[in-house]
file input-v3.cif (mmCIF, C-alpha atoms and all ligand atoms)
data_start
loop_
_atom_site.label_atom_id
_atom_site.label_comp_id
_atom_site.auth_asym_id
_atom_site.auth_seq_id
_atom_site.Cartn_x
_atom_site.Cartn_y
_atom_site.Cartn_z
CA MET A 36 -3.00 -24.13 -1.50
CA ILE A 37 0.13 -22.29 -0.46
CA ARG A 38 3.36 -24.20 -0.80
CA ILE A 39 5.68 -23.58 2.10
CA ASP A 40 9.14 -24.53 0.92
CA CYS A 41 12.32 -25.05 2.93
CA PHE A 42 13.50 -21.47 2.29
CA TRP A 43 10.45 -20.10 4.06
CA ARG A 44 11.11 -22.45 6.98
CA ASP A 45 14.75 -21.26 7.15
CA LEU A 46 13.57 -17.67 7.20
CA LEU A 47 11.16 -18.44 10.01
CA SER A 48 13.86 -20.04 12.11
CA HIS A 49 16.12 -16.96 11.62
CA LEU A 50 13.29 -14.69 12.73
CA GLU A 51 12.49 -16.95 15.66
CA LYS A 52 16.11 -16.81 16.83
CA ASP A 53 16.11 -13.01 16.80
CA ARG A 54 13.78 -12.36 19.70
CA SER A 55 13.95 -8.60 19.51
CA TRP A 56 12.98 -7.93 15.89
CA ARG A 57 10.14 -5.51 15.34
CA SER A 58 9.82 -5.21 11.58
CA VAL A 59 10.46 -7.20 8.45
CA PHE A 60 10.26 -5.78 4.92
CA VAL A 61 9.57 -8.15 2.02
CA ALA A 62 10.81 -6.98 -1.37
CA GLY A 63 11.02 -8.50 -4.82
CA PRO A 64 10.02 -8.04 -8.43
CA VAL A 65 6.39 -7.97 -9.56
CA ASP A 66 4.81 -11.44 -9.14
CA SER A 67 7.45 -12.92 -6.89
CA GLY A 68 5.16 -14.13 -4.12
CA LYS A 69 5.74 -11.18 -1.76
CA SER A 70 2.16 -10.88 -0.53
CA THR A 71 1.82 -14.64 -0.05
CA LEU A 72 4.99 -14.78 2.02
CA CYS A 73 3.90 -11.74 4.06
CA ARG A 74 0.61 -13.37 4.89
CA PHE A 75 2.39 -16.53 5.94
CA LEU A 76 4.80 -14.58 8.21
CA GLY A 77 2.01 -12.40 9.58
CA GLU A 78 -0.21 -15.33 10.50
CA HIS A 79 2.68 -17.22 12.01
CA PHE A 80 3.77 -14.42 14.34
CA ALA A 81 0.24 -13.29 15.17
CA VAL A 82 -0.19 -16.43 17.28
CA ARG A 83 2.20 -15.02 19.90
CA PHE A 84 2.58 -11.30 19.12
CA SER A 85 0.40 -8.34 18.14
CA THR A 86 1.36 -8.40 14.50
CA ALA A 87 0.52 -5.71 11.98
CA ALA A 88 0.51 -6.02 8.20
CA ILE A 89 1.33 -2.94 6.16
CA ASP A 90 0.40 -3.19 2.52
CA CYS A 91 2.72 -0.86 0.59
CA ASP A 92 1.49 -1.81 -2.88
CA PRO A 93 -0.92 0.82 -4.25
CA GLY A 94 -1.53 -1.24 -7.42
CA GLN A 95 -2.23 -4.85 -6.53
CA SER A 96 -3.30 -3.81 -3.05
CA ILE A 97 -4.71 -6.42 -0.74
CA LEU A 98 -5.85 -4.18 2.11
CA GLY A 99 -7.90 -1.15 1.14
CA PRO A 100 -8.66 0.08 -2.38
CA PRO A 101 -5.96 0.73 -5.02
CA ALA A 102 -4.08 4.04 -4.77
CA THR A 103 -3.85 3.62 -0.98
CA LEU A 104 -1.43 1.99 1.45
CA ALA A 105 -2.99 0.36 4.47
CA LEU A 106 -2.48 -1.15 7.89
CA ALA A 107 -4.33 -4.14 9.39
CA TRP A 108 -3.91 -6.65 12.17
CA GLU A 109 -2.95 -10.23 11.51
CA PRO A 110 -4.72 -12.56 11.13
CA ARG A 111 -6.78 -10.39 8.77
CA LYS A 112 -10.46 -10.68 9.48
CA SER A 113 -11.72 -8.32 6.82
CA GLU A 114 -10.57 -6.17 3.93
CA VAL A 115 -11.36 -3.02 5.92
CA PRO A 116 -8.05 -1.70 7.20
CA LEU A 117 -7.33 -0.17 10.57
CA ALA A 118 -5.74 2.85 8.88
CA MET A 119 -5.23 3.98 5.32
CA ARG A 120 -3.08 6.56 3.53
CA PHE A 121 -3.67 7.83 0.03
CA ILE A 122 -0.97 7.75 -2.65
CA GLY A 123 -3.14 8.96 -5.51
CA SER A 124 -1.95 6.46 -8.10
CA ASN A 125 -1.66 2.74 -8.72
CA THR A 126 2.14 2.99 -8.71
CA PRO A 127 4.54 4.87 -6.46
CA SER A 128 6.29 6.28 -9.58
CA GLY A 129 5.50 9.96 -9.70
CA HIS A 130 4.19 9.72 -6.12
CA PHE A 131 7.31 8.74 -4.24
CA LEU A 132 6.89 11.36 -1.53
CA GLN A 133 3.33 10.34 -0.71
CA ALA A 134 4.36 6.68 -0.65
CA LEU A 135 7.37 7.29 1.57
CA THR A 136 5.49 9.42 4.09
CA SER A 137 2.60 6.97 4.13
CA MET A 138 4.74 3.95 4.90
CA LYS A 139 6.41 5.81 7.75
CA ARG A 140 3.15 7.13 9.19
CA LEU A 141 1.48 3.71 8.98
CA SER A 142 4.37 2.07 10.79
CA GLU A 143 4.28 4.74 13.53
CA ARG A 144 0.55 4.18 13.83
CA ALA A 145 1.03 0.42 14.11
CA PHE A 146 3.47 0.82 16.99
CA GLU A 147 1.22 3.41 18.67
CA GLU A 148 -1.63 0.90 18.48
CA GLY A 149 0.50 -1.70 20.21
CA ALA A 150 2.09 -3.70 17.38
CA GLN A 151 4.99 -5.85 18.51
CA LYS A 152 5.85 -6.95 14.97
CA ILE A 153 5.25 -5.37 11.58
CA VAL A 154 5.36 -7.17 8.25
CA PHE A 155 5.77 -4.79 5.31
CA ASP A 156 4.54 -6.07 1.97
CA SER A 157 5.91 -4.00 -0.91
CA CYS A 158 5.19 -3.29 -4.55
CA GLY A 159 7.44 -4.69 -7.26
CA TYR A 160 10.12 -2.01 -7.29
CA PRO A 161 10.24 0.16 -10.42
CA VAL A 162 13.41 -0.74 -12.39
CA THR A 163 14.43 2.84 -13.03
CA ALA A 164 17.07 4.99 -11.35
CA ALA A 165 14.30 6.80 -9.50
CA GLY A 166 12.70 3.50 -8.49
CA ARG A 167 15.99 2.24 -7.14
CA GLU A 168 16.48 5.41 -5.14
CA PHE A 169 12.92 5.11 -3.83
CA PHE A 170 13.70 1.63 -2.57
CA TYR A 171 16.89 2.86 -0.92
CA GLN A 172 15.18 5.81 0.75
CA THR A 173 12.29 3.61 1.90
CA LEU A 174 14.56 1.19 3.71
CA ASP A 175 16.72 3.98 5.06
CA LEU A 176 13.66 5.65 6.57
CA LEU A 177 11.78 2.59 7.83
CA GLU A 178 14.88 0.86 9.20
CA PRO A 179 13.39 -2.62 9.21
CA ASP A 180 15.28 -5.18 11.29
CA HIS A 181 15.05 -7.76 8.50
CA LEU A 182 14.87 -7.41 4.74
CA VAL A 183 13.68 -10.38 2.71
CA ALA A 184 14.55 -10.21 -0.98
CA LEU A 185 12.80 -12.59 -3.35
CA GLN A 186 14.66 -13.03 -6.61
CA GLN A 187 14.95 -15.44 -9.53
CA ILE A 188 18.70 -15.05 -9.94
CA ASP A 189 20.29 -11.81 -8.80
CA GLU A 190 17.91 -9.08 -9.96
CA MET A 191 17.64 -7.55 -6.48
CA GLU A 192 21.40 -7.40 -5.90
CA PRO A 193 21.93 -3.80 -7.11
CA LEU A 194 19.38 -2.72 -4.51
CA LEU A 195 20.74 -4.96 -1.78
CA ALA A 196 24.33 -3.82 -2.30
CA THR A 197 23.65 -0.56 -0.47
CA PHE A 198 22.72 -2.51 2.66
CA THR A 199 25.24 -5.32 2.73
CA ARG A 200 27.69 -3.33 4.88
CA ARG A 201 25.08 -2.04 7.27
CA ASN A 202 24.26 -3.76 10.54
CA LYS A 203 20.57 -3.30 9.84
CA PRO A 204 18.54 -4.67 8.12
CA ARG A 205 19.66 -8.28 8.15
CA LEU A 206 19.38 -9.59 4.60
CA HIS A 207 17.65 -12.80 3.59
CA ARG A 208 17.76 -13.83 -0.06
CA LEU A 209 15.01 -16.22 -1.11
CA PRO A 210 14.28 -17.82 -4.47
CA ILE A 211 10.91 -17.19 -6.07
CA SER A 212 8.52 -20.09 -5.53
CA GLU A 213 7.65 -22.19 -8.55
CA GLU A 214 4.04 -21.93 -7.45
CA VAL A 215 3.82 -18.21 -8.22
CA ILE A 216 1.09 -17.44 -10.73
CA ARG A 217 1.97 -14.47 -12.91
CA ARG A 218 -0.61 -11.86 -13.81
CA SER A 219 -0.77 -10.03 -17.14
CA ARG A 220 -1.22 -6.27 -17.38
CA THR A 221 -4.88 -6.84 -18.25
CA GLU A 222 -5.39 -9.07 -15.23
CA ARG A 223 -3.77 -6.47 -12.98
CA ARG A 224 -6.04 -3.79 -14.33
CA ALA A 225 -9.08 -6.02 -13.91
CA TYR A 226 -8.04 -6.74 -10.32
CA ARG A 227 -7.86 -3.00 -9.56
CA GLN A 228 -11.21 -2.45 -11.24
CA GLN A 229 -12.82 -5.08 -9.02
CA LYS A 230 -11.24 -3.58 -5.92
CA PHE A 231 -12.51 -0.09 -6.79
CA LYS A 232 -15.93 -1.43 -7.66
CA ARG A 233 -16.19 -3.20 -4.34
CA TYR A 234 -14.99 -0.16 -2.46
CA PHE A 235 -17.53 2.14 -4.13
CA LYS A 236 -20.41 -0.36 -3.86
CA ASN A 237 -22.17 1.73 -1.19
CA ALA A 238 -20.98 5.10 -2.50
CA LYS A 239 -23.37 8.05 -2.24
CA ARG A 240 -23.28 11.46 -3.87
CA GLN A 241 -22.19 13.76 -1.07
CA MET A 242 -21.38 17.41 -0.61
CA LEU A 243 -18.31 18.50 1.30
CA PRO A 244 -17.95 22.12 2.42
CA LEU A 245 -14.41 23.35 1.83
CA GLU A 246 -14.51 26.15 4.37
CA GLY A 247 -11.35 26.00 6.45
CA MET A 248 -10.15 22.91 4.65
CA GLY A 249 -6.80 22.44 2.92
CA LEU A 250 -6.32 20.94 -0.52
CA HIS A 251 -3.14 19.02 -1.32
CA GLY A 252 -1.72 16.32 -3.56
CA MET A 253 -1.95 16.49 -7.35
CA ILE A 254 -4.33 19.44 -7.41
CA PRO A 255 -5.70 19.87 -10.96
CA ALA A 256 -5.77 23.23 -12.76
CA LEU A 257 -8.34 25.34 -10.95
CA LYS A 258 -9.46 27.14 -14.11
CA ASN A 259 -10.32 24.00 -16.03
CA PRO A 260 -13.40 22.26 -14.56
CA GLN A 261 -12.87 19.27 -16.86
CA SER A 262 -9.60 18.47 -15.18
CA TRP A 263 -11.48 17.79 -11.91
CA ASP A 264 -13.89 15.37 -13.50
CA HIS A 265 -13.74 11.81 -12.06
CA CYS A 266 -10.59 12.69 -10.16
CA LEU A 267 -9.80 10.27 -7.34
CA VAL A 268 -9.47 12.08 -4.02
CA ALA A 269 -8.99 11.18 -0.38
CA LEU A 270 -10.79 12.77 2.52
CA CYS A 271 -8.13 12.97 5.18
CA ASP A 272 -8.42 13.27 8.93
CA ARG A 273 -6.41 15.58 11.19
CA LYS A 274 -3.41 13.25 11.01
CA GLY A 275 -3.43 12.83 7.25
CA PHE A 276 -4.98 9.35 7.22
CA ALA A 277 -7.63 8.73 4.59
CA VAL A 278 -11.09 8.42 6.19
CA ALA A 279 -12.52 7.60 2.77
CA ILE A 280 -11.63 7.93 -0.87
CA GLY A 281 -14.03 9.36 -3.39
CA VAL A 282 -14.54 10.27 -7.01
CA LEU A 283 -14.99 13.94 -7.65
CA GLU A 284 -18.07 15.06 -9.53
CA LYS A 285 -17.62 18.80 -9.41
CA VAL A 286 -16.09 21.63 -7.46
CA GLU A 287 -18.13 24.76 -6.81
CA MET A 288 -15.46 27.26 -5.93
CA HIS A 289 -17.90 30.17 -5.42
CA GLU A 290 -19.90 28.16 -2.91
CA SER A 291 -16.67 26.72 -1.52
CA ARG A 292 -17.82 23.12 -1.71
CA LEU A 293 -17.35 19.98 -3.71
CA TRP A 294 -19.50 17.03 -4.71
CA ILE A 295 -18.13 13.55 -4.56
CA HIS A 296 -19.19 9.93 -4.79
CA ALA A 297 -17.84 8.16 -1.73
CA PRO A 298 -18.89 5.64 0.89
CA PRO A 299 -20.63 7.40 3.81
CA PHE A 300 -18.20 9.26 6.10
CA ASP A 301 -18.34 11.67 9.00
CA ARG A 302 -17.70 15.21 7.69
CA ASN A 303 -16.47 16.33 11.09
CA GLN A 304 -13.49 14.03 10.79
CA ILE A 305 -12.25 15.60 7.56
CA ALA A 306 -9.41 18.11 7.76
CA SER A 307 -8.09 18.12 4.18
CA VAL A 308 -8.75 16.84 0.69
CA GLN A 309 -5.90 15.09 -1.10
CA PHE A 310 -5.97 14.85 -4.90
CA GLY A 311 -4.65 11.89 -6.79
CA SER A 312 -3.68 11.59 -10.42
CA LEU A 313 -6.09 8.78 -11.33
CA ARG A 314 -9.53 9.12 -12.83
CA VAL A 315 -12.02 6.44 -11.91
CA ASP A 316 -15.60 5.57 -12.78
CA HIS A 317 -17.05 4.78 -9.37
CA ARG A 318 -19.83 2.59 -10.83
CA SER A 319 -17.69 0.25 -12.88
CA GLY A 320 -14.45 0.76 -10.93
CA GLU A 321 -12.71 1.34 -14.25
CA GLU A 322 -9.69 3.65 -14.48
CA LEU A 323 -10.41 6.24 -17.16
N1 LIG B 401 4.24 -20.38 -2.21
C1 LIG B 401 3.15 -20.29 -2.96
N2 LIG B 401 2.31 -21.34 -3.07
C2 LIG B 401 1.20 -21.25 -3.83
N3 LIG B 401 0.83 -20.14 -4.55
C3 LIG B 401 1.64 -19.07 -4.49
C4 LIG B 401 2.84 -19.08 -3.70
N4 LIG B 401 3.43 -17.86 -3.83
C5 LIG B 401 2.63 -17.14 -4.64
N5 LIG B 401 1.57 -17.86 -5.05
C6 LIG B 401 0.49 -17.37 -5.94
O1 LIG B 401 1.06 -16.57 -6.96
C7 LIG B 401 0.30 -15.39 -7.19
C8 LIG B 401 1.16 -14.16 -7.00
O2 LIG B 401 1.66 -14.14 -5.68
P1 LIG B 401 1.71 -12.81 -4.82
O3 LIG B 401 2.09 -13.23 -3.45
O4 LIG B 401 0.47 -12.03 -4.98
O5 LIG B 401 2.94 -12.07 -5.53
P2 LIG B 401 3.42 -10.54 -5.42
O6 LIG B 401 2.87 -10.01 -4.14
O7 LIG B 401 4.90 -10.60 -5.44
O8 LIG B 401 2.88 -9.84 -6.63
C9 LIG B 401 -0.87 -15.46 -6.22
O9 LIG B 401 -2.00 -15.95 -6.93
C10 LIG B 401 -0.45 -16.45 -5.17
O10 LIG B 401 -1.54 -17.16 -4.63
MG MG B 402 1.70 -8.31 -3.74
#

call {"tool": "encode", "arguments": {"input": "input-v3.cif", "output": "structure tokens"}}
result
Amino acid sequence: MIRIDCFWRDLLSHLEKDRSWRSVFVAGPVDSGKSTLCRFLGEHFAVRFSTAAIDCDPGQSILGPPATLALAWEPRKSEVPLAMRFIGSNTPSGHFLQALTSMKRLSERAFEEGAQKIVFDSCGYPVTAAGREFFYQTLDLLEPDHLVALQQIDEMEPLLATFTRRNKPRLHRLPISEEVIRRSRTERRAYRQQKFKRYFKNAKRQMLPLEGMGLHGMIPALKNPQSWDHCLVALCDRKGFAVAIGVLEKVEMHESRLWIHAPPFDRNQIASVQFGSLRVDHRSGEEL
């Protein structure tokens, strides 16, 4: 059971008063209840508005498999997202560009599809200088109308300071709920494994001709076939959205084709192959 405390109710009444808001971004440390709050907000506003959820956590992802960011309508009827972008890793660290572009493209897509409100769920921000800058650049680019910061004491303040003098976003500081259940590293890994396993449940060995197709992302060394082994890749459409993700078996450069294990997809939709930096066993879902 989700506990809805008075702080959540206060937040709702602020959002209700602002009739023109279009997006809210929920930030906070790892295990601070971000996803739970996002779901609550999403379901609440979906009663009266076309409300989209954008899952910006490539690790403990709720929509879509790990290593992706995804868009879905609220209330969520299934785990299959409306659109998906590939980051290539279970953390934005080392993949900041892919994460930044993905969040922007998914929000554009949501508005194109008719979203009146967007709720952005985020990953626990990396506590490094680069992580802090990533957070800053993310909010600068997305320009959410409201920013909700969950914090125990004041751990989000260094990040919030850069926005306190701006007109947008409006800041809301919320304490972390006592009901939050923390997850260990092992539990997080096991969660990702289950998500991958479920995603690859119907995977088939498939051949993809590379003729006229671009490769991008963390492309492994071409000369070393071992570096391609079990590499997680995305098969992207003409707009860069991931139609499917797959695990690479081999690349046959002379024949200009590759073999992957992926859920069935329409080859005609694929315009490029994006490489990630994770290796995954598609049968067990385990990260290698
Ligand atoms: N208000 C709440 N009431 C009950 N359980 C909660 C609440 N907030 C979080 N939890 C639980 O705590 C765990 C972590 O919450 P989650 O929203 O996934 O955090 P985050 O997205 O910040 O990692 C989940 O199991 C969730 O069900
Ligand atoms: Mg979460």

call {"tool": "residues_around", "arguments": {"input": "input-v3.cif", "residues": "range 87-96 of chain A", "least_positions_apart": "2", "cutoff": "7 Å", "atoms": "only C-alpha atoms", "output": "CSV table (one decimal) with C-alpha atoms, keeping the file's coordinate frame"}}
result
chain,number,residue,atom,x,y,z
A,77,GLY,CA,2.0,-12.4,9.6
A,85,SER,CA,0.4,-8.3,18.1
A,98,LEU,CA,-5.8,-4.2,2.1
A,99,GLY,CA,-7.9,-1.2,1.1
A,100,PRO,CA,-8.7,0.1,-2.4
A,101,PRO,CA,-6.0,0.7,-5.0
A,102,ALA,CA,-4.1,4.0,-4.8
A,103,THR,CA,-3.8,3.6,-1.0
A,104,LEU,CA,-1.4,2.0,1.4
A,105,ALA,CA,-3.0,0.4,4.5
A,106,LEU,CA,-2.5,-1.2,7.9
A,107,ALA,CA,-4.3,-4.1,9.4
A,108,TRP,CA,-3.9,-6.6,12.2
A,109,GLU,CA,-3.0,-10.2,11.5
A,124,SER,CA,-2.0,6.5,-8.1
A,125,ASN,CA,-1.7,2.7,-8.7
A,126,THR,CA,2.1,3.0,-8.7
A,138,MET,CA,4.7,4.0,4.9
A,145,ALA,CA,1.0,0.4,14.1
A,150,ALA,CA,2.1,-3.7,17.4
A,152,LYS,CA,5.8,-7.0,15.0
A,153,ILE,CA,5.2,-5.4,11.6
A,154,VAL,CA,5.4,-7.2,8.2
A,155,PHE,CA,5.8,-4.8,5.3
A,156,ASP,CA,4.5,-6.1,2.0
A,157,SER,CA,5.9,-4.0,-0.9
A,158,CYS,CA,5.2,-3.3,-4.6
A,223,ARG,CA,-3.8,-6.5,-13.0
A,227,ARG,CA,-7.9,-3.0,-9.6

call {"tool": "closest_residue", "arguments": {"input": "input-v3.cif", "among": "A:Leu245, A:Ile122, A:Val215, A:Leu182", "to": "ligand MG 402 (chain B)", "atoms": "all atoms listed in the file"}}
result
A:Val215

call {"tool": "residues_around", "arguments": {"input": "input-v3.cif", "residues": "Met288 in chain A", "least_positions_apart": "6", "cutoff": "12 Å", "atoms": "only C-alpha atoms", "output": "short mmCIF file (atom, residue, chain, number, x, y, z; two decimals) with C-alpha atoms, keeping the file's coordinate frame"}}
result
data_model
loop_
_atom_site.label_atom_id
_atom_site.label_comp_id
_atom_site.auth_asym_id
_atom_site.auth_seq_id
_atom_site.Cartn_x
_atom_site.Cartn_y
_atom_site.Cartn_z
CA LEU A 243 -18.31 18.50 1.30
CA PRO A 244 -17.95 22.12 2.42
CA LEU A 245 -14.41 23.35 1.83
CA GLU A 246 -14.51 26.15 4.37
CA LEU A 257 -8.34 25.34 -10.95
CA LYS A 258 -9.46 27.14 -14.11
CA ASN A 259 -10.32 24.00 -16.03
CA PRO A 260 -13.40 22.26 -14.56
CA TRP A 263 -11.48 17.79 -11.91
CA TRP A 294 -19.50 17.03 -4.71
#

call {"tool": "atom_distance", "arguments": {"input": "input-v3.cif", "atom1": "CA of Ile280 in chain A", "atom2": "CA of Glu148 in chain A"}}
result
22.9 Å

call {"tool": "closest_residue", "arguments": {"input": "input-v3.cif", "among": "A:Thr221, A:Leu313, A:Pro64, A:Val162", "to": "Ile188 in chain A", "atoms": "only C-alpha atoms"}}
result
A:Pro64

call {"tool": "residues_near_point", "arguments": {"input": "input-v3.cif", "point": "(-12.8, 22.4, -8.9)", "cutoff": "12 Å", "atoms": "all atoms listed in the file", "output": "VMD selection string"}}
result
chain A and resid 245 250 254 to 266 268 283 to 295 308 310

call {"tool": "write_last_selection", "arguments": {"input": "input-v3.cif", "atoms": "C-alpha atoms", "output": "PDB file, keeping the file's coordinate frame"}}
result
ATOM      1  CA  LEU A 245     -14.410  23.350   1.830  1.00  0.00           C
ATOM      2  CA  LEU A 250      -6.320  20.940  -0.520  1.00  0.00           C
ATOM      3  CA  ILE A 254      -4.330  19.440  -7.410  1.00  0.00           C
ATOM      4  CA  PRO A 255      -5.700  19.870 -10.960  1.00  0.00           C
ATOM      5  CA  ALA A 256      -5.770  23.230 -12.760  1.00  0.00           C
ATOM      6  CA  LEU A 257      -8.340  25.340 -10.950  1.00  0.00           C
ATOM      7  CA  LYS A 258      -9.460  27.140 -14.110  1.00  0.00           C
ATOM      8  CA  ASN A 259     -10.320  24.000 -16.030  1.00  0.00           C
ATOM      9  CA  PRO A 260     -13.400  22.260 -14.560  1.00  0.00           C
ATOM     10  CA  GLN A 261     -12.870  19.270 -16.860  1.00  0.00           C
ATOM     11  CA  SER A 262      -9.600  18.470 -15.180  1.00  0.00           C
ATOM     12  CA  TRP A 263     -11.480  17.790 -11.910  1.00  0.00           C
ATOM     13  CA  ASP A 264     -13.890  15.370 -13.500  1.00  0.00           C
ATOM     14  CA  HIS A 265     -13.740  11.810 -12.060  1.00  0.00           C
ATOM     15  CA  CYS A 266     -10.590  12.690 -10.160  1.00  0.00           C
ATOM     16  CA  VAL A 268      -9.470  12.080  -4.020  1.00  0.00           C
ATOM     17  CA  LEU A 283     -14.990  13.940  -7.650  1.00  0.00           C
ATOM     18  CA  GLU A 284     -18.070  15.060  -9.530  1.00  0.00           C
ATOM     19  CA  LYS A 285     -17.620  18.800  -9.410  1.00  0.00           C
ATOM     20  CA  VAL A 286     -16.090  21.630  -7.460  1.00  0.00           C
ATOM     21  CA  GLU A 287     -18.130  24.760  -6.810  1.00  0.00           C
ATOM     22  CA  MET A 288     -15.460  27.260  -5.930  1.00  0.00           C
ATOM     23  CA  HIS A 289     -17.900  30.170  -5.420  1.00  0.00           C
ATOM     24  CA  GLU A 290     -19.900  28.160  -2.910  1.00  0.00           C
ATOM     25  CA  SER A 291     -16.670  26.720  -1.520  1.00  0.00           C
ATOM     26  CA  ARG A 292     -17.820  23.120  -1.710  1.00  0.00           C
ATOM     27  CA  LEU A 293     -17.350  19.980  -3.710  1.00  0.00           C
ATOM     28  CA  TRP A 294     -19.500  17.030  -4.710  1.00  0.00           C
ATOM     29  CA  ILE A 295     -18.130  13.550  -4.560  1.00  0.00           C
ATOM     30  CA  VAL A 308      -8.750  16.840   0.690  1.00  0.00           C
ATOM     31  CA  PHE A 310      -5.970  14.850  -4.900  1.00  0.00           C
TER      32      PHE A 310
END

call {"tool": "closest_atom_pairs", "arguments": {"input": "input-v3.cif", "of": "chain A", "to": "ligand LIG 401 (chain B)", "cutoff": "6 Å", "atoms": "only C-alpha atoms and all ligand atoms", "output": "tab-separated table"}}
result
residue	atom	partner	partner_atom	distance
A:Met36	CA	B:LIG401	C2	5.6
A:Ile37	CA	B:LIG401	N2	3.5
A:Arg38	CA	B:LIG401	N2	3.8
A:Ile39	CA	B:LIG401	N1	5.6
A:Val65	CA	B:LIG401	O8	4.9
A:Asp66	CA	B:LIG401	O8	3.5
A:Ser67	CA	B:LIG401	O7	3.7
A:Gly68	CA	B:LIG401	O3	3.3
A:Lys69	CA	B:LIG401	O7	3.8
A:Ser70	CA	B:LIG401	O3	3.7
A:Thr71	CA	B:LIG401	O3	3.7
A:Ser212	CA	B:LIG401	N1	5.4
A:Glu214	CA	B:LIG401	C2	4.7
A:Val215	CA	B:LIG401	O1	3.4
A:Ile216	CA	B:LIG401	O1	3.9
A:Arg217	CA	B:LIG401	C8	6.0

call {"tool": "atom_distance", "arguments": {"input": "input-v3.cif", "atom1": "CA of Phe235 in chain A", "atom2": "CA of Lys139 in chain A"}}
result
27.0 Å

call {"tool": "closest_residue", "arguments": {"input": "input-v3.cif", "among": "A:Phe80, A:Phe276, A:Tyr234, A:Phe170", "to": "Ser137 in chain A", "atoms": "all atoms listed in the file"}}
result
A:Phe276

call {"tool": "closest_residue", "arguments": {"input": "input-v3.cif", "among": "A:Leu72, A:Ser55, A:His130, A:Cys41", "to": "ligand MG 402 (chain B)", "atoms": "all atoms listed in the file"}}
result
A:Leu72

call {"tool": "closest_residue", "arguments": {"input": "input-v3.cif", "among": "A:Arg302, A:Arg144, A:Arg74, A:Arg273", "to": "ligand MG 402 (chain B)", "atoms": "only C-alpha atoms and all ligand atoms"}}
result
A:Arg74

call {"tool": "atom_distance", "arguments": {"input": "input-v3.cif", "atom1": "CA of Val59 in chain A", "atom2": "CA of Leu132 in chain A"}}
result
21.4 Å

call {"tool": "residues_around", "arguments": {"input": "input-v3.cif", "residues": "range 184-186 of chain A", "least_positions_apart": "4", "cutoff": "6 Å", "atoms": "only C-alpha atoms", "output": "list in words"}}
result
Ala62, Gly63, Arg208, Leu209, Pro210 and Ile211 of chain A

call {"tool": "closest_residue", "arguments": {"input": "input-v3.cif", "among": "A:Gly320, A:Gly159, A:Pro299, A:Pro204", "to": "Glu190 in chain A", "atoms": "all atoms listed in the file"}}
result
A:Gly159

call {"tool": "residues_around", "arguments": {"input": "input-v3.cif", "residues": "Leu174 in chain A", "least_positions_apart": "5", "cutoff": "12 Å", "atoms": "only C-alpha atoms", "output": "JSON, numbers by chain"}}
result
{"A": [58, 59, 60, 61, 62, 135, 138, 139, 155, 157, 167, 168, 169, 179, 180, 181, 182, 183, 194, 195, 197, 198, 201, 203, 204, 205, 206]}

call {"tool": "build_atoms", "arguments": {"input": "input-v3.cif", "residues": "range 276-287 of chain A", "atoms": "N, CA and C atoms", "output": "PDB file, keeping the file's coordinate frame"}}
result
ATOM      1  N   PHE A 276      -4.525  10.674   7.653  1.00  0.00           N
ATOM      2  CA  PHE A 276      -4.980   9.350   7.220  1.00  0.00           C
ATOM      3  C   PHE A 276      -6.273   9.500   6.426  1.00  0.00           C
ATOM      4  N   ALA A 277      -6.447   8.631   5.444  1.00  0.00           N
ATOM      5  CA  ALA A 277      -7.630   8.730   4.590  1.00  0.00           C
ATOM      6  C   ALA A 277      -8.833   8.099   5.315  1.00  0.00           C
ATOM      7  N   VAL A 278      -9.845   8.920   5.580  1.00  0.00           N
ATOM      8  CA  VAL A 278     -11.090   8.420   6.190  1.00  0.00           C
ATOM      9  C   VAL A 278     -11.870   7.675   5.115  1.00  0.00           C
ATOM     10  N   ALA A 279     -11.857   8.225   3.921  1.00  0.00           N
ATOM     11  CA  ALA A 279     -12.520   7.600   2.770  1.00  0.00           C
ATOM     12  C   ALA A 279     -11.856   8.109   1.508  1.00  0.00           C
ATOM     13  N   ILE A 280     -12.031   7.358   0.419  1.00  0.00           N
ATOM     14  CA  ILE A 280     -11.630   7.930  -0.870  1.00  0.00           C
ATOM     15  C   ILE A 280     -12.900   8.113  -1.699  1.00  0.00           C
ATOM     16  N   GLY A 281     -12.843   9.044  -2.615  1.00  0.00           N
ATOM     17  CA  GLY A 281     -14.030   9.360  -3.390  1.00  0.00           C
ATOM     18  C   GLY A 281     -13.674   9.759  -4.810  1.00  0.00           C
ATOM     19  N   VAL A 282     -14.707   9.820  -5.630  1.00  0.00           N
ATOM     20  CA  VAL A 282     -14.540  10.270  -7.010  1.00  0.00           C
ATOM     21  C   VAL A 282     -15.235  11.624  -7.127  1.00  0.00           C
ATOM     22  N   LEU A 283     -14.472  12.581  -7.584  1.00  0.00           N
ATOM     23  CA  LEU A 283     -14.990  13.940  -7.650  1.00  0.00           C
ATOM     24  C   LEU A 283     -15.996  14.110  -8.784  1.00  0.00           C
ATOM     25  N   GLU A 284     -17.107  14.757  -8.464  1.00  0.00           N
ATOM     26  CA  GLU A 284     -18.070  15.060  -9.530  1.00  0.00           C
ATOM     27  C   GLU A 284     -17.874  16.497  -9.982  1.00  0.00           C
ATOM     28  N   LYS A 285     -17.886  17.414  -9.046  1.00  0.00           N
ATOM     29  CA  LYS A 285     -17.620  18.800  -9.410  1.00  0.00           C
ATOM     30  C   LYS A 285     -17.172  19.611  -8.191  1.00  0.00           C
ATOM     31  N   VAL A 286     -16.517  20.715  -8.518  1.00  0.00           N
ATOM     32  CA  VAL A 286     -16.090  21.630  -7.460  1.00  0.00           C
ATOM     33  C   VAL A 286     -16.815  22.946  -7.707  1.00  0.00           C
ATOM     34  N   GLU A 287     -17.461  23.457  -6.692  1.00  0.00           N
ATOM     35  CA  GLU A 287     -18.130  24.760  -6.810  1.00  0.00           C
ATOM     36  C   GLU A 287     -17.326  25.749  -5.960  1.00  0.00           C
TER      37      GLU A 287
END
